[in-house]
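Asker: One structure, pasted below without further comment.
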Amino acid sequence: MTAAIVIQVLPPHTPVWIDLVYLAAAVAFIIALKGLSSPKQARNGNVLAAAAAVVAVVVTFFNPVAQFSHHTTNLVLAIIAMVVGAAIAVPVARMVKMTAMPQLVAIFNGVGGGAAALISIVVFLGDANLHTLGGAKPAVYAITEGMLGLLIGCVSFSGSAIAFIKLQELITGRPITYPGQQVINGLVGVAIVGLAVATVATDSVPLMIATAVLSLVLGVIFVLPIGGADVPVLISLLNSFTGLAVAASGFTLNNNLLIIAGTLVGASGILLTRMMSKAMGRSLSNVLFSAFGSVVTAGGGADGAGETRQVKSGTPEDIGVLLAYARKVVIIPGYGLAVAQAQHTARELADLLMDKGVEVFYAIHPVAGRMPGHMNVLLAEANVPYDELKEMDEANPEMGTADVALVVGANDTVNPAAKNTVGSPIYGMPIINADDAAQVVFLKRSMRPGFAGIDNDLLFDEKTTLLFGDAKDTLSKLVKAVEEA
């Protein structure tokens, strides 16, 4: 009769100098987050965070703990994987169109969550194998840490994948609902908790696998009912999930830097999610569970009596004269500006108007576009000066003094129904008060409603003039008209 003998060698401790480098990197992450709160400092903050991350990763390879835990071959494979990942990620990030940036962010979220889940799975399998050979069962807290990383990481991975598919329009951007949806979601959630508790108690590999599979399912059914108008909030929330999964992985790997970095991402993501929900005038639970935008209540300018309301359209030449002789013009960008890649042309028009002595600024709604800060990033790409960008709360007091509000591709974020129509899907959502301007010029492709599925009352206002067509083409015609005015 043979007996398995397991000899456990105590791993070395992390040197103090490496912990100090990790601490410096963590401080750099915090300073970088502070920089990201301001458009003027955002680029510097991003560079600082990236540099700190690179230093932390490089230092990790000199950590005796990592060298003890992994064979040299594994460390070489890790370096090869990093090189391959960078070779893919850098060109993709540099060449991605601004309209596809939300999809890229969704992919990044998913990859981070998936990596955290894989770490939990590998560590769990290693501990389970050691236990099978006669080693001690892992501590309950250690298994719990791994299960948290697994659960949250899987939800983030599959949820981000569905968000990407929605944004890429591979499936409808409208909420996908079905009878008993909330009950099914709840049952899946309860089953996951039960399986996770059982896994912690038994250290069972099959139960761990079942938890992972159900967590992936939960991510899918959690995201499917969320409509396109709520995608910015969804992306922020999934980003928070990924941060929490990374923090859990930090506990699993006993890496303080991962714990701090993941917690920072998780906390900032939750705060941003709450701020965006507030900007939409809705609670987070309403955003996640109300299937916003699922019903199109109007679509062709029809009023409650079934009569078609008339709109006033103009020509670029007429609008060019109006803009050239205005005192103050406010440009309100939306997703249509991103779709048309018209940010550079918008800046060209703004610069031309300022050369003629017209005061110009951009009014930015917090949830305009398809991800947090989408319009800020878009206009920054066109090198629009930061002091020309005004957030909604800063811009609204000036709307009443504006001669012209030029709406480029926005819709729900300027719809007066949010203020005036009780029962509207967007009632209570703070908007940019474009209707306070003396004249409104609306650039649209068609009369199609926005993601909320309702007509925009501003289109039928007597002081609103519509210019139909592609935003970039229309703005180019306005530039020519202003030059000739």
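The chains in the structure tokens are called A, B, ... from first to last as shown; in each chain the residues are counted from 1, and the ligands are counted from 1 in the order shown.
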With only C-alpha atoms as the counted atoms, please give the residues lying no more than 7 Å from Leu216 of chain A, apart from itself and same-chain residues fewer than 3 positions off, as a PyMOL selection string.
Answerer: chain A and resi 154-155+158+212-213+219-220
Asker: Kindly give the distance, in Å, that separates atom CA of Gly45 of chain A and atom CA of Ala116 of chain A, rounded to a single decimal.
Answerer: 24.6 Å
Asker: Hey, can you check how far atom CA of Ala245 of chain A sits from atom CA of Gly113 of chain A?
Answerer: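 Distance reported for this atom pair: 6.2 Å.
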Asker: I'd like the contact shell of Asn376 of chain A - 9 Å cut-off, only C-alpha atoms, skipping same-chain residues fewer than 2 positions apart - returned as a list in words.
Answerer: Pro39, Ile364, Pro372, Gly373, His374, Leu378, Leu379, Ala380, Glu381, Tyr386 and Leu389 of chain A
Asker: Identify, on the basis of only C-alpha atoms, every residue whose closest approach to Ile235 of chain A does not exceed 9 Å; exclude the query and any residue fewer than 6 positions from it along the same chain; express the result as JSON, numbers by chain.
Answerer: {"A": [102, 105, 106, 109, 160, 163, 273, 370, 371, 372]}
Asker: Using only C-alpha atoms, can you tell me which of A:Asp351, A:Asp127, A:Asp412, A:Asp403 comes closest to Glu388 of chain A?
Answerer: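 Closest residue, counting only C-alpha atoms: A:Asp351.
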Asker: If you count only C-alpha atoms, which residues fall within 9 Å of Gly469 of chain A, apart from same-chain ones fewer than 6 positions away, as JSON, numbers by chain?
Answerer: {"A": [443, 444, 445, 446]}
Asker: Based on the selection just made, write C-alpha atoms of those residues as a PDB file, in the first residue's frame.
Answerer:
ATOM      1  CA  LEU A 443     -29.388  68.406 -38.599  1.00  0.00           C
ATOM      2  CA  LYS A 444     -31.007  64.992 -39.096  1.00  0.00           C
ATOM      3  CA  ARG A 445     -30.908  62.163 -41.599  1.00  0.00           C
ATOM      4  CA  SER A 446     -34.657  61.586 -41.342  1.00  0.00           C
TER       5      SER A 446
END
Asker: Interatomic distance between atom CA of Ser424 of chain A and atom CA of Thr465 of chain A?
Answerer: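 Between atom CA of Ser424 of chain A and atom CA of Thr465 of chain A the gap works out to 23.9 Å.
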Asker: Can you check which parts of segment 351-454 of chain A lie within 8 Å of segment 332-342 of chain A? Per residue, the shortest pair of atoms and distance in Å to one decimal, counting only C-alpha atoms, sorted by chain and number, as a tab-separated table.
Answerer:
residue	atom	partner	partner_atom	distance
A:Tyr362	CA	A:Ile332	CA	5.8
A:Ala363	CA	A:Ile332	CA	5.1
A:Ile364	CA	A:Ile332	CA	6.5
A:Ala368	CA	A:Gly334	CA	5.4
A:Gly369	CA	A:Tyr335	CA	4.5
A:Arg370	CA	A:Tyr335	CA	7.2
A:Met375	CA	A:Pro333	CA	6.9
A:Leu378	CA	A:Ala338	CA	7.1
A:Ala405	CA	A:Ile332	CA	7.1
A:Leu406	CA	A:Ile332	CA	6.0
A:Val407	CA	A:Ile332	CA	4.7
A:Val408	CA	A:Pro333	CA	4.9
A:Gly409	CA	A:Gly336	CA	3.7
A:Ala410	CA	A:Gly334	CA	3.8
A:Asn411	CA	A:Gly334	CA	7.3
A:Lys444	CA	A:Gly336	CA	7.7
Asker: Which residue gives the smallest distance to Ala53 of chain A among A:Leu257, A:Ile192, A:Ile143, A:Ala248, with only C-alpha atoms counted?
Answerer: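 Counting only C-alpha atoms, the residue closest to Ala53 of chain A is A:Leu257.
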Asker: Using only C-alpha atoms, which residues sit within 7 Å of segment 13-29 of chain A once same-chain residues fewer than 2 positions away are excluded, as a list in words?
Answerer: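 Once the nearby chain positions are removed, what remains is Pro11, Ile31, Ala32, Leu33, Leu48, Ala49, Ala52, Ala53, Ala56, Val59, Asn63, Pro64, Val65, Leu257, Ile260 and Ala261 of chain A.
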Asker: Write out as a list in words all residues of segment 304-342 of chain A that backbone DSSP assigns to helix (DSSP H, G or I).
Answerer: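 Everything in segment 304-342 of chain A that counts as helix (DSSP H, G or I) is Pro316, Glu317, Asp318, Ile319, Gly320, Val321, Leu322, Leu323, Ala324, Tyr335, Gly336, Leu337, Ala338 and Val339 of chain A.
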Asker: If we count only C-alpha atoms, what is near segment 179-181 of chain A at a cut-off of 10 Å, once residues fewer than 6 positions away on the same chain are taken out, given as a PyMOL selection string?
Answerer: chain A and resi 187+221-222+225+289
Asker: With N, CA and C atoms kept, could you save the residues just selected as a PDB file, in the first residue's frame?
Answerer:
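Result file is part.pdb:
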ATOM      1  N   LEU A 187     -34.205  33.389 -10.718  1.00  0.00           N
ATOM      2  CA  LEU A 187     -33.937  31.972 -10.451  1.00  0.00           C
ATOM      3  C   LEU A 187     -32.492  31.612 -10.795  1.00  0.00           C
ATOM      4  N   ILE A 221     -28.414  37.077 -20.202  1.00  0.00           N
ATOM      5  CA  ILE A 221     -29.823  37.437 -19.967  1.00  0.00           C
ATOM      6  C   ILE A 221     -29.945  38.748 -19.189  1.00  0.00           C
ATOM      7  N   PHE A 222     -28.856  39.168 -18.541  1.00  0.00           N
ATOM      8  CA  PHE A 222     -28.848  40.447 -17.838  1.00  0.00           C
ATOM      9  C   PHE A 222     -28.786  41.616 -18.820  1.00  0.00           C
ATOM     10  N   PRO A 225     -32.099  42.545 -22.150  1.00  0.00           N
ATOM     11  CA  PRO A 225     -33.263  43.436 -22.021  1.00  0.00           C
ATOM     12  C   PRO A 225     -32.919  44.919 -21.964  1.00  0.00           C
ATOM     13  N   PHE A 289     -33.752  47.356 -15.369  1.00  0.00           N
ATOM     14  CA  PHE A 289     -34.856  46.407 -15.388  1.00  0.00           C
ATOM     15  C   PHE A 289     -36.128  46.897 -16.076  1.00  0.00           C
TER      16      PHE A 289
END
Asker: Between A:Val92, A:Ile184, A:Leu148, A:Ala139, which one has atoms that come closest to Ile119 of chain A, using only C-alpha atoms?
Answerer: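 Nearest candidate to Ile119 of chain A out of A:Val92, A:Ile184, A:Leu148, A:Ala139: A:Leu148.
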Asker: Given the choices A:Leu467, A:Met276, A:Ala438, A:Val422, which gets closest to Arg327 of chain A if the distance is worked out from only C-alpha atoms?
Answerer: A:Ala438
Asker: For each of A:Phe460, A:Tyr325, A:Tyr141, A:Phe241, take the minimum atom-to-atom distance to Leu264 of chain A, counting only C-alpha atoms, then give the residue where this is smallest.
Answerer: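 Between A:Phe460, A:Tyr325, A:Tyr141, A:Phe241, the residue approaching Leu264 of chain A most closely is A:Phe241.
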